[in-house]
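Here is final23.pdb, consisting of PDB, C-alpha atoms, pLDDT in the B column:
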```pdb
ATOM      1  CA  MET A 260     105.152 105.201  92.258  1.00 89.00           C
ATOM      2  CA  ASP A 261     108.656 105.495  93.605  1.00 87.00           C
ATOM      3  CA  ALA A 262     109.751 104.901  97.179  1.00 87.00           C
ATOM      4  CA  SER A 263     110.389 108.600  97.801  1.00 91.00           C
ATOM      5  CA  THR A 264     106.661 109.343  97.472  1.00 94.00           C
ATOM      6  CA  ILE A 265     105.842 106.630 100.011  1.00 93.00           C
ATOM      7  CA  MET A 266     108.511 107.975 102.359  1.00 93.00           C
ATOM      8  CA  ARG A 267     107.075 111.503 102.066  1.00 96.00           C
ATOM      9  CA  ALA A 268     103.612 110.119 102.900  1.00 96.00           C
ATOM     10  CA  TYR A 269     105.054 108.295 105.931  1.00 95.00           C
ATOM     11  CA  ALA A 270     106.753 111.538 106.994  1.00 96.00           C
ATOM     12  CA  ALA A 271     103.454 113.447 106.714  1.00 96.00           C
ATOM     13  CA  LEU A 272     101.993 111.097 109.318  1.00 95.00           C
ATOM     14  CA  GLY A 273     105.059 110.953 111.510  1.00 93.00           C
ATOM     15  CA  ASP A 274     104.349 109.072 114.720  1.00 91.00           C
ATOM     16  CA  LEU A 275     100.715 110.199 114.948  1.00 93.00           C
ATOM     17  CA  THR A 276      98.078 107.569 115.688  1.00 91.00           C
ATOM     18  CA  PRO A 277      94.273 107.730 115.977  1.00 91.00           C
ATOM     19  CA  MET A 278      94.445 108.400 119.713  1.00 86.00           C
ATOM     20  CA  LEU A 279      96.971 109.977 122.031  1.00 81.00           C
ATOM     21  CA  THR A 280      97.244 106.575 123.733  1.00 76.00           C
ATOM     22  CA  ASP A 281      97.643 103.080 122.292  1.00 76.00           C
ATOM     23  CA  CYS A 282      94.272 102.328 120.692  1.00 77.00           C
ATOM     24  CA  GLY A 283      95.300  98.660 120.357  1.00 75.00           C
ATOM     25  CA  LEU A 284      94.633  98.274 124.065  1.00 73.00           C
ATOM     26  CA  LEU A 285      90.901  98.828 123.417  1.00 77.00           C
ATOM     27  CA  CYS A 286      90.533  95.931 120.987  1.00 74.00           C
ATOM     28  CA  SER A 287      93.603  93.751 121.587  1.00 69.00           C
ATOM     29  CA  ALA A 288      95.043  95.108 118.314  1.00 74.00           C
ATOM     30  CA  ALA A 289      92.299  93.521 116.197  1.00 73.00           C
ATOM     31  CA  CYS A 290      93.484  95.302 113.041  1.00 73.00           C
ATOM     32  CA  CYS A 291      96.920  93.725 113.443  1.00 74.00           C
ATOM     33  CA  ARG A 292      95.718  90.120 113.105  1.00 73.00           C
ATOM     34  CA  PRO A 293      94.353  88.066 110.235  1.00 69.00           C
ATOM     35  CA  ASP A 294      90.722  86.980 110.389  1.00 67.00           C
ATOM     36  CA  GLU A 295      89.518  83.471 111.289  1.00 70.00           C
ATOM     37  CA  ASP A 296      90.410  82.199 107.806  1.00 69.00           C
ATOM     38  CA  GLY A 297      93.964  83.556 108.002  1.00 63.00           C
ATOM     39  CA  GLN A 298      93.021  86.249 105.519  1.00 64.00           C
ATOM     40  CA  GLY A 299      92.492  89.932 105.929  1.00 71.00           C
ATOM     41  CA  GLY A 300      95.236  92.454 105.779  1.00 83.00           C
ATOM     42  CA  VAL A 301      96.105  95.801 104.388  1.00 88.00           C
ATOM     43  CA  HIS A 302      96.444  96.783 100.746  1.00 90.00           C
ATOM     44  CA  LEU A 303      99.916  97.940  99.823  1.00 93.00           C
ATOM     45  CA  PHE A 304     100.222 101.251  98.021  1.00 95.00           C
ATOM     46  CA  PRO A 305     102.144 101.273  94.721  1.00 94.00           C
ATOM     47  CA  GLY A 306     105.852 100.890  95.407  1.00 89.00           C
ATOM     48  CA  GLU A 307     105.294  99.892  99.009  1.00 90.00           C
ATOM     49  CA  ARG A 308     106.130  96.225  98.560  1.00 87.00           C
ATOM     50  CA  ALA A 309     109.697  97.152  97.616  1.00 84.00           C
ATOM     51  CA  ALA A 310     109.870  99.668 100.470  1.00 80.00           C
ATOM     52  CA  LEU A 311     108.887  96.945 102.985  1.00 82.00           C
ATOM     53  CA  GLY A 312     111.734  94.658 101.956  1.00 79.00           C
ATOM     54  CA  ASP A 313     111.989  91.459 103.980  1.00 81.00           C
ATOM     55  CA  CYS A 314     109.002  91.352 106.283  1.00 83.00           C
ATOM     56  CA  ALA A 315     109.444  88.529 108.799  1.00 84.00           C
ATOM     57  CA  TRP A 316     106.327  89.579 110.737  1.00 85.00           C
ATOM     58  CA  GLY A 317     103.913  89.258 107.825  1.00 87.00           C
ATOM     59  CA  ARG A 318     103.269  87.664 104.485  1.00 87.00           C
ATOM     60  CA  ILE A 319     102.322  89.275 101.209  1.00 88.00           C
ATOM     61  CA  VAL A 320      99.353  87.746  99.390  1.00 86.00           C
ATOM     62  CA  PRO A 321      97.539  88.678  96.179  1.00 84.00           C
ATOM     63  CA  GLY A 322      94.635  91.072  96.600  1.00 75.00           C
ATOM     64  CA  GLY A 323      91.985  92.470  94.279  1.00 76.00           C
ATOM     65  CA  LEU A 324      93.140  96.071  94.558  1.00 79.00           C
ATOM     66  CA  ALA A 325      96.834  95.428  95.192  1.00 86.00           C
ATOM     67  CA  PRO A 326      99.032  92.951  97.040  1.00 88.00           C
ATOM     68  CA  MET A 327      98.108  92.735 100.710  1.00 88.00           C
ATOM     69  CA  LEU A 328     100.217  92.388 103.810  1.00 90.00           C
ATOM     70  CA  VAL A 329      98.762  89.925 106.320  1.00 88.00           C
ATOM     71  CA  CYS A 330     100.366  90.337 109.731  1.00 85.00           C
ATOM     72  CA  GLU A 331     101.557  87.221 111.513  1.00 82.00           C
ATOM     73  CA  GLY A 332     102.860  88.805 114.660  1.00 74.00           C
ATOM     74  CA  PRO A 333     103.944  92.119 116.110  1.00 76.00           C
ATOM     75  CA  CYS A 334     105.265  94.405 113.404  1.00 79.00           C
ATOM     76  CA  GLU A 335     108.176  96.734 113.305  1.00 82.00           C
ATOM     77  CA  ARG A 336     106.086  99.873 113.884  1.00 81.00           C
ATOM     78  CA  ASP A 337     108.348 102.119 111.838  1.00 84.00           C
ATOM     79  CA  ARG A 338     107.933  99.768 108.839  1.00 87.00           C
ATOM     80  CA  ARG A 339     104.112  99.557 108.854  1.00 88.00           C
ATOM     81  CA  PRO A 340     102.436 100.065 105.477  1.00 93.00           C
ATOM     82  CA  LEU A 341     100.575 103.307 104.842  1.00 95.00           C
ATOM     83  CA  GLY A 342      97.204 101.532 105.010  1.00 93.00           C
ATOM     84  CA  CYS A 343      98.014 100.489 108.598  1.00 91.00           C
ATOM     85  CA  ARG A 344      99.232 103.938 109.471  1.00 94.00           C
ATOM     86  CA  ILE A 345      95.996 105.646 108.389  1.00 95.00           C
ATOM     87  CA  PHE A 346      93.568 103.001 109.734  1.00 92.00           C
ATOM     88  CA  PRO A 347      90.698 103.320 110.704  1.00 94.00           C
ATOM     89  CA  LEU A 348      90.494 106.008 108.016  1.00 95.00           C
ATOM     90  CA  THR A 349      90.114 105.533 104.284  1.00 94.00           C
ATOM     91  CA  PRO A 350      90.556 107.872 101.317  1.00 95.00           C
ATOM     92  CA  VAL A 351      87.615 109.772  99.884  1.00 95.00           C
ATOM     93  CA  ARG A 352      87.499 112.533  97.326  1.00 92.00           C
ATOM     94  CA  GLY A 353      86.007 115.626  98.920  1.00 89.00           C
ATOM     95  CA  ARG A 354      83.563 118.037  97.292  1.00 91.00           C
ATOM     96  CA  SER A 355      86.491 120.257  96.345  1.00 92.00           C
ATOM     97  CA  GLY A 356      87.996 117.375  94.361  1.00 91.00           C
ATOM     98  CA  LYS A 357      90.884 116.979  96.802  1.00 93.00           C
ATOM     99  CA  TRP A 358      91.527 113.776  98.701  1.00 96.00           C
ATOM    100  CA  THR A 359      90.449 113.681 102.299  1.00 95.00           C
ATOM    101  CA  VAL A 360      89.524 110.900 104.742  1.00 96.00           C
ATOM    102  CA  ARG A 361      86.510 109.284 106.343  1.00 94.00           C
ATOM    103  CA  MET A 362      85.970 106.309 108.603  1.00 93.00           C
ATOM    104  CA  ASP A 363      86.693 103.027 106.810  1.00 90.00           C
ATOM    105  CA  ALA A 364      83.504 100.945 106.528  1.00 86.00           C
ATOM    106  CA  ARG A 365      85.513  97.805 107.301  1.00 81.00           C
ATOM    107  CA  ALA A 366      86.608  99.332 110.610  1.00 84.00           C
ATOM    108  CA  ARG A 367      83.080  98.925 111.985  1.00 83.00           C
ATOM    109  CA  ALA A 368      83.640  95.187 112.371  1.00 80.00           C
ATOM    110  CA  MET A 369      86.828  95.434 114.410  1.00 79.00           C
ATOM    111  CA  CYS A 370      87.613  98.931 115.622  1.00 81.00           C
ATOM    112  CA  PRO A 371      85.853 100.416 118.655  1.00 82.00           C
ATOM    113  CA  LEU A 372      86.911 103.882 117.432  1.00 86.00           C
ATOM    114  CA  ALA A 373      84.641 103.538 114.391  1.00 85.00           C
ATOM    115  CA  ARG A 374      81.559 104.110 116.556  1.00 88.00           C
ATOM    116  CA  SER A 375      82.622 107.669 117.347  1.00 89.00           C
ATOM    117  CA  GLY A 376      83.459 108.519 113.740  1.00 90.00           C
ATOM    118  CA  VAL A 377      86.261 110.733 112.506  1.00 92.00           C
ATOM    119  CA  GLY A 378      85.366 113.345 115.142  1.00 92.00           C
ATOM    120  CA  GLY A 379      86.399 110.904 117.871  1.00 92.00           C
ATOM    121  CA  LEU A 380      89.970 110.639 116.576  1.00 94.00           C
ATOM    122  CA  ASP A 381      92.918 112.879 117.345  1.00 95.00           C
ATOM    123  CA  PRO A 382      92.433 115.849 114.973  1.00 96.00           C
ATOM    124  CA  ALA A 383      96.180 116.043 114.297  1.00 97.00           C
ATOM    125  CA  PHE A 384      96.110 112.397 113.140  1.00 96.00           C
ATOM    126  CA  VAL A 385      93.137 113.052 110.841  1.00 97.00           C
ATOM    127  CA  ARG A 386      94.891 116.056 109.255  1.00 97.00           C
ATOM    128  CA  ALA A 387      98.141 114.117 108.865  1.00 98.00           C
ATOM    129  CA  ALA A 388      96.362 111.132 107.257  1.00 97.00           C
ATOM    130  CA  ARG A 389      94.687 113.496 104.802  1.00 97.00           C
ATOM    131  CA  ASP A 390      98.016 115.148 104.037  1.00 97.00           C
ATOM    132  CA  ALA A 391      99.698 111.762 103.507  1.00 97.00           C
ATOM    133  CA  LEU A 392      97.035 110.764 100.979  1.00 97.00           C
ATOM    134  CA  ARG A 393      97.459 114.064  99.156  1.00 97.00           C
ATOM    135  CA  VAL A 394     101.179 113.310  98.847  1.00 97.00           C
ATOM    136  CA  VAL A 395     100.284 109.948  97.281  1.00 97.00           C
ATOM    137  CA  ALA A 396      97.821 111.665  94.925  1.00 97.00           C
ATOM    138  CA  GLU A 397     100.587 113.899  93.549  1.00 96.00           C
ATOM    139  CA  ASP A 398     101.850 110.841  91.667  1.00 96.00           C
ATOM    140  CA  PRO A 399      99.610 109.626  88.783  1.00 96.00           C
ATOM    141  CA  GLU A 400      99.987 105.991  89.845  1.00 96.00           C
ATOM    142  CA  GLY A 401      99.142 106.955  93.426  1.00 96.00           C
ATOM    143  CA  GLU A 402      96.109 108.950  92.268  1.00 96.00           C
ATOM    144  CA  ALA A 403      94.839 105.961  90.270  1.00 96.00           C
ATOM    145  CA  PHE A 404      95.356 103.693  93.289  1.00 95.00           C
ATOM    146  CA  LEU A 405      93.363 106.043  95.537  1.00 96.00           C
ATOM    147  CA  GLU A 406      90.527 106.062  92.980  1.00 95.00           C
ATOM    148  CA  ARG A 407      90.433 102.251  92.920  1.00 93.00           C
ATOM    149  CA  TRP A 408      90.566 102.081  96.738  1.00 91.00           C
ATOM    150  CA  PHE A 409      87.745 104.622  97.009  1.00 91.00           C
ATOM    151  CA  HIS A 410      85.534 102.596  94.637  1.00 88.00           C
ATOM    152  CA  LEU A 411      86.279  99.385  96.536  1.00 85.00           C
ATOM    153  CA  GLU A 412      85.380 101.114  99.794  1.00 81.00           C
ATOM    154  CA  GLU A 413      82.101 102.247  98.211  1.00 78.00           C
ATOM    155  CA  GLU A 414      81.267  98.572  97.617  1.00 78.00           C
ATOM    156  CA  TYR A 415      81.649  97.896 101.353  1.00 72.00           C
ATOM    157  CA  ARG A 416      79.191 100.691 102.084  1.00 68.00           C
ATOM    158  CA  ARG A 417      76.404  99.320  99.851  1.00 70.00           C
ATOM    159  CA  PRO A 418      73.488  97.610 101.578  1.00 68.00           C
ATOM    160  CA  LEU A 419      73.454  93.839 101.194  1.00 62.00           C
ATOM    161  CA  TRP A 420      69.782  93.823 100.175  1.00 67.00           C
TER
END
```
Render the structure in this file as structure tokens.
Amino acid sequence: MDASTIMRAYAALGDLTPMLTDCGLLCSAACCRPDEDGQGGVHLFPGERAALGDCAWGRIVPGGLAPMLVCEGPCERDRRPLGCRIFPLTPVRGRSGKWTVRMDARARAMCPLARSGVGGLDPAFVRAARDALRVVAEDPEGEAFLERWFHLEEEYRRPLW
């Protein structure tokens, strides 16, 4: 997927965030820090690694779905990966076959917004996140990535026993 697709997805989101205020104040920006093992991060969309360029505030590590960015300090907000920009949402294929969003199962462990579900988020942000994912899905490589991400997310939703 080329950088122009990523840039169009970023533009679809603009400066919108899950809340009209800084949601990081609720949880001390839990989604912006690695876990206790120094792991945890955000999957990079196809072509995003090149779009990030030199990233002094994070490190890129291998991931099962795609390379991951693990933050190691405050980011340059305008250079955040798409996965950060849409969090705590995740892609899901709707009944119509089009991509939409739902609450990311992994958000339950760190994001106080997850308790209220998608309905508790700024509706403009939810629409923009959905639109950004639909831009990604226009590209065959982006569509395949969304499918893999969706199936990985389904694994997180399965009961442990």
### Message
Calculated over only C-alpha atoms, which of the candidates A:Cys330, A:Leu279, A:Ala391, A:Ala262 has the smallest distance to Ala309 of chain A?
### Response
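Looking only at the distances to Ala309 of chain A, the closest residue turns out to be A:Ala262.
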### Query
Between A:Leu311, A:Leu303, A:Leu285, A:Leu405, which is the closest to Ala373 of chain A once you count all atoms listed in the file?
A:Leu285
Give as a PDB file with C-alpha atoms, keeping the file's coordinate frame every residue, naming chains and numbers as the document does, that has an atom within 10 Å of (90.7, 113.1, 99.8), counting all atoms listed in the file.
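The resulting selection.pdb:
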```pdb
ATOM      1  CA  THR A 349      90.114 105.533 104.284  1.00 94.00           C
ATOM      2  CA  PRO A 350      90.556 107.872 101.317  1.00 95.00           C
ATOM      3  CA  VAL A 351      87.615 109.772  99.884  1.00 95.00           C
ATOM      4  CA  ARG A 352      87.499 112.533  97.326  1.00 92.00           C
ATOM      5  CA  GLY A 353      86.007 115.626  98.920  1.00 89.00           C
ATOM      6  CA  ARG A 354      83.563 118.037  97.292  1.00 91.00           C
ATOM      7  CA  SER A 355      86.491 120.257  96.345  1.00 92.00           C
ATOM      8  CA  GLY A 356      87.996 117.375  94.361  1.00 91.00           C
ATOM      9  CA  LYS A 357      90.884 116.979  96.802  1.00 93.00           C
ATOM     10  CA  TRP A 358      91.527 113.776  98.701  1.00 96.00           C
ATOM     11  CA  THR A 359      90.449 113.681 102.299  1.00 95.00           C
ATOM     12  CA  VAL A 360      89.524 110.900 104.742  1.00 96.00           C
ATOM     13  CA  ARG A 361      86.510 109.284 106.343  1.00 94.00           C
ATOM     14  CA  ALA A 388      96.362 111.132 107.257  1.00 97.00           C
ATOM     15  CA  ARG A 389      94.687 113.496 104.802  1.00 97.00           C
ATOM     16  CA  ASP A 390      98.016 115.148 104.037  1.00 97.00           C
ATOM     17  CA  ALA A 391      99.698 111.762 103.507  1.00 97.00           C
ATOM     18  CA  LEU A 392      97.035 110.764 100.979  1.00 97.00           C
ATOM     19  CA  ARG A 393      97.459 114.064  99.156  1.00 97.00           C
ATOM     20  CA  ALA A 396      97.821 111.665  94.925  1.00 97.00           C
ATOM     21  CA  LEU A 405      93.363 106.043  95.537  1.00 96.00           C
ATOM     22  CA  GLU A 406      90.527 106.062  92.980  1.00 95.00           C
ATOM     23  CA  PHE A 409      87.745 104.622  97.009  1.00 91.00           C
TER      24      PHE A 409
END
```
### Query
Near Ile265 of chain A, within 12 Å and counting all atoms listed in the file, which residues show up once chain neighbours fewer than 5 positions away are dropped, as a PyMOL selection string?
chain A and resi 260+270-272+303-311+338-342+344+391-398+400-401
Expanded to explicit residues, what is the PyMOL selection byres ((chain A and resi 326) around 10) for this file, as a PDB file with C-alpha atoms, keeping the file's coordinate frame?
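Just written: expr-v1.pdb:
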```pdb
ATOM      1  CA  GLY A 300      95.236  92.454 105.779  1.00 83.00           C
ATOM      2  CA  VAL A 301      96.105  95.801 104.388  1.00 88.00           C
ATOM      3  CA  HIS A 302      96.444  96.783 100.746  1.00 90.00           C
ATOM      4  CA  LEU A 303      99.916  97.940  99.823  1.00 93.00           C
ATOM      5  CA  PHE A 304     100.222 101.251  98.021  1.00 95.00           C
ATOM      6  CA  PRO A 305     102.144 101.273  94.721  1.00 94.00           C
ATOM      7  CA  GLU A 307     105.294  99.892  99.009  1.00 90.00           C
ATOM      8  CA  ARG A 308     106.130  96.225  98.560  1.00 87.00           C
ATOM      9  CA  ILE A 319     102.322  89.275 101.209  1.00 88.00           C
ATOM     10  CA  VAL A 320      99.353  87.746  99.390  1.00 86.00           C
ATOM     11  CA  PRO A 321      97.539  88.678  96.179  1.00 84.00           C
ATOM     12  CA  GLY A 322      94.635  91.072  96.600  1.00 75.00           C
ATOM     13  CA  GLY A 323      91.985  92.470  94.279  1.00 76.00           C
ATOM     14  CA  LEU A 324      93.140  96.071  94.558  1.00 79.00           C
ATOM     15  CA  ALA A 325      96.834  95.428  95.192  1.00 86.00           C
ATOM     16  CA  MET A 327      98.108  92.735 100.710  1.00 88.00           C
ATOM     17  CA  LEU A 328     100.217  92.388 103.810  1.00 90.00           C
ATOM     18  CA  VAL A 329      98.762  89.925 106.320  1.00 88.00           C
TER      19      VAL A 329
END
```
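Counting from atom CA of Pro399 of chain A, the distance to atom CA of Pro347 of chain A is 24.5 Å.
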### Message
Please determine, counting only C-alpha atoms, which residue among A:Cys370, A:Asp274, A:Gly332, A:Gly299 has the shortest atom-to-atom distance to Cys286 of chain A.
### Response
A:Cys370
Need the axis-aligned box for segment 378-381 of chain A with 5 Å each side, so what are the centre and edges in Å to one decimal, as AutoDock Vina command-line options?
```
--center_x 89.1 --center_y 112.0 --center_z 116.5 --size_x 17.6 --size_y 12.7 --size_z 12.7
```
### Between atom CA of Asp313 of chain A and atom CA of Cys282 of chain A - distance in Å to one decimal
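Here the two named atoms are 26.7 Å from each other.
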Using all atoms listed in the file, find each residue in segment 261-354 of chain A having at least one atom no more than 7 Å away from segment 382-385 of chain A; report its shortest atom-to-atom pair and that distance in Å (one decimal), rows by chain then rising number, as a tab-separated table.
```
residue	atom	partner	partner_atom	distance
A:Leu275	CA	A:Phe384	CA	5.4
A:Thr276	CA	A:Phe384	CA	5.8
A:Pro277	CA	A:Phe384	CA	5.8
```
Dump of C-alpha atoms for the selected residues, as a JSON list (two decimals), in the coordinates of the input:
```json
[["chain", "number", "residue", "atom", "x", "y", "z"],
["A", 275, "LEU", "CA", 100.72, 110.20, 114.95],
["A", 276, "THR", "CA", 98.08, 107.57, 115.69],
["A", 277, "PRO", "CA", 94.27, 107.73, 115.98]]
```
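Distance-wise, atom CA of His410 of chain A and atom CA of Ala288 of chain A end up 26.6 Å apart.
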### Task
Find, counting all atoms listed in the file, the residue in A:Arg365, A:Arg318, A:Arg386, A:Arg336 that gets nearest to Arg417 of chain A.
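Ranking A:Arg365, A:Arg318, A:Arg386, A:Arg336 by distance to Arg417 of chain A, first place goes to A:Arg365.
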### Message
To test your reading of the syntax: which residues would the PyMOL selection byres ((chain A and resi 316) around 6) return for the file shown? Reply as a ChimeraX atom specification.
### Response
/A:314-315,317,331-332,334
### Query
Which of these residues is nearest to Ala364 of chain A, using all atoms listed in the file: A:Asp381, A:Phe404, A:Glu335, A:Glu412?
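Closest to Ala364 of chain A of all the choices is A:Glu412.
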